[in-house]
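Working notes for the structure below.
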Amino acid sequence: MGCGGSAAPVGPDAAPVCAGTFSGTAPAGGPLAGQPLVLDIAADGTFTRTIAGSIVVGHWSLTAGTFAVQDDETSPMAYFHDVFGQYALTQGAGCASVSLAAVADPCDPRRLTLDGFRGAP
């Protein structure tokens, strides 16, 4: 599912977040570099991250331009479910792509899979 026009509003002053399934690879520098990574961003504020056969679900929010993610504690591969990772989110025109750059994330395994991620529907 691409995001083709479905964007999740996150507040009166915030840009909408592209909702959809974005496929790419894990960024260089981590143990899973180059592995297929799928990030499904749902309009209801949830996400699913799938890499190397592992699935992590969680919640996202957007505040003052910072895309924050928190893994659900019920997810078998959740890391640091009690803290948020904060990322700068760049979205391509028409939701043609998304990319993430870490602002702050105390969870190294999550940061190593998301910092530098670029995906397309």
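We label chains A, B, ... in the order they appear in the structure tokens, count residues from 1 in each chain, and number ligands from 1 in the order shown.
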>> Could you list, as a VMD selection string, every residue within 10 Å of Val83 of chain A, counting only C-alpha atoms and ignoring same-chain residues fewer than 6 positions away?
In response: chain A and resid 68 to 71 105 to 107
Could the residues in this selection be written to a file with N, CA and C atoms, as a JSON list (two decimals), in the first residue's frame?
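Result file is part12.json:
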```json
[["chain", "number", "residue", "atom", "x", "y", "z"],
["A", 68, "ALA", "N", 8.41, 11.28, 16.41],
["A", 68, "ALA", "CA", 8.83, 10.47, 17.56],
["A", 68, "ALA", "C", 8.21, 9.09, 17.45],
["A", 69, "VAL", "N", 9.00, 8.06, 17.74],
["A", 69, "VAL", "CA", 8.51, 6.68, 17.71],
["A", 69, "VAL", "C", 8.77, 6.03, 19.06],
["A", 70, "GLN", "N", 7.84, 5.17, 19.45],
["A", 70, "GLN", "CA", 7.97, 4.41, 20.69],
["A", 70, "GLN", "C", 7.53, 2.98, 20.39],
["A", 71, "ASP", "N", 8.40, 2.02, 20.66],
["A", 71, "ASP", "CA", 8.06, 0.62, 20.45],
["A", 71, "ASP", "C", 7.09, 0.17, 21.53],
["A", 105, "ASP", "N", 17.94, 9.35, 20.03],
["A", 105, "ASP", "CA", 17.32, 8.05, 20.30],
["A", 105, "ASP", "C", 18.26, 7.26, 21.20],
["A", 106, "PRO", "N", 17.88, 7.06, 22.46],
["A", 106, "PRO", "CA", 18.74, 6.32, 23.38],
["A", 106, "PRO", "C", 18.80, 4.82, 23.09],
["A", 107, "CYS", "N", 17.96, 4.37, 22.18],
["A", 107, "CYS", "CA", 17.91, 2.95, 21.83],
["A", 107, "CYS", "C", 18.79, 2.69, 20.61]]
```
>> Quick check for you: according to DSSP on this backbone, which residues of chain A are classed as helix (DSSP H, G or I)? Reply as a ChimeraX atom specification.
In response: /A:93-95,108-114
> Between A:Leu62, A:Leu39, A:Ala28, A:Leu112, which one has atoms that come closest to Val98 of chain A, using only C-alpha atoms?
Replying inline: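 Of A:Leu62, A:Leu39, A:Ala28, A:Leu112, the one nearest Val98 of chain A is A:Leu39, counting only C-alpha atoms.
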> With distances taken over only C-alpha atoms, which of A:Leu32, A:Val57, A:Leu37, A:Leu89 is nearest to Pro109 of chain A?
Replying inline: A:Leu32
>> With DSSP run on the backbone, what are the strand (DSSP E or B) residues within chain A? I'd like them as number ranges by chain.
In response: A: 7-8, 17-18, 20-25, 36-41, 46-51, 54-63, 66-71, 85-91, 98-104, 118-120
> Which of these residues is nearest to Gly45 of chain A, using only C-alpha atoms: A:Gly58, A:Pro31, A:Gly24, A:Gly116?
Replying inline: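 Going through A:Gly58, A:Pro31, A:Gly24, A:Gly116 one by one, the smallest distance to Gly45 of chain A is for A:Gly58.
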> What lies within 7 Å of Ile41 of chain A using only C-alpha atoms, ignoring chain neighbours under 5 positions off, as a PyMOL selection string?
Replying inline: chain A and resi 19-21+46-48
Just N, CA and C atoms for this one: save the residues we selected as an mmCIF file, in the first residue's frame.
```cif
data_model
loop_
_atom_site.group_PDB
_atom_site.id
_atom_site.type_symbol
_atom_site.label_atom_id
_atom_site.label_comp_id
_atom_site.auth_asym_id
_atom_site.auth_seq_id
_atom_site.Cartn_x
_atom_site.Cartn_y
_atom_site.Cartn_z
ATOM 1 N N ALA A 19 0.913 8.538 5.311
ATOM 2 C CA ALA A 19 0.575 7.220 5.827
ATOM 3 C C ALA A 19 0.719 6.223 4.696
ATOM 4 N N GLY A 20 1.374 5.103 4.966
ATOM 5 C CA GLY A 20 1.536 4.085 3.942
ATOM 6 C C GLY A 20 2.687 3.169 4.280
ATOM 7 N N THR A 21 2.976 2.284 3.365
ATOM 8 C CA THR A 21 4.055 1.324 3.537
ATOM 9 C C THR A 21 5.239 1.753 2.691
ATOM 10 N N THR A 46 0.011 4.622 14.641
ATOM 11 C CA THR A 46 0.775 3.402 14.911
ATOM 12 C C THR A 46 1.723 3.149 13.753
ATOM 13 N N PHE A 47 2.733 2.300 14.001
ATOM 14 C CA PHE A 47 3.650 1.914 12.934
ATOM 15 C C PHE A 47 4.034 0.455 13.110
ATOM 16 N N THR A 48 4.510 -0.135 12.037
ATOM 17 C CA THR A 48 5.109 -1.465 12.058
ATOM 18 C C THR A 48 6.431 -1.361 11.320
#
```
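When only C-alpha atoms are used to measure the gap to Cys18 of chain A, the shortest distance among A:Asp108, A:Asp72, A:Asp40, A:Asp115 belongs to A:Asp40.
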> If you count only C-alpha atoms, which residues fall within 9 Å of Leu100 of chain A, apart from same-chain ones fewer than 6 positions away, as a ChimeraX atom specification?
Replying inline: /A:67,87-90,114-118
>> Using only C-alpha atoms for the distances, tell me which of A:Glu73, A:Asp44, A:Ala26, A:Pro16 is nearest to Gln91 of chain A.
In response: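 Of the candidates, the smallest distance to Gln91 of chain A is held by A:Pro16.
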>> Report, in Å to a single decimal, how far apart atom CA of Gly92 of chain A and atom CA of Ser54 of chain A are.
In response: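 These atoms are spaced 26.9 Å apart.
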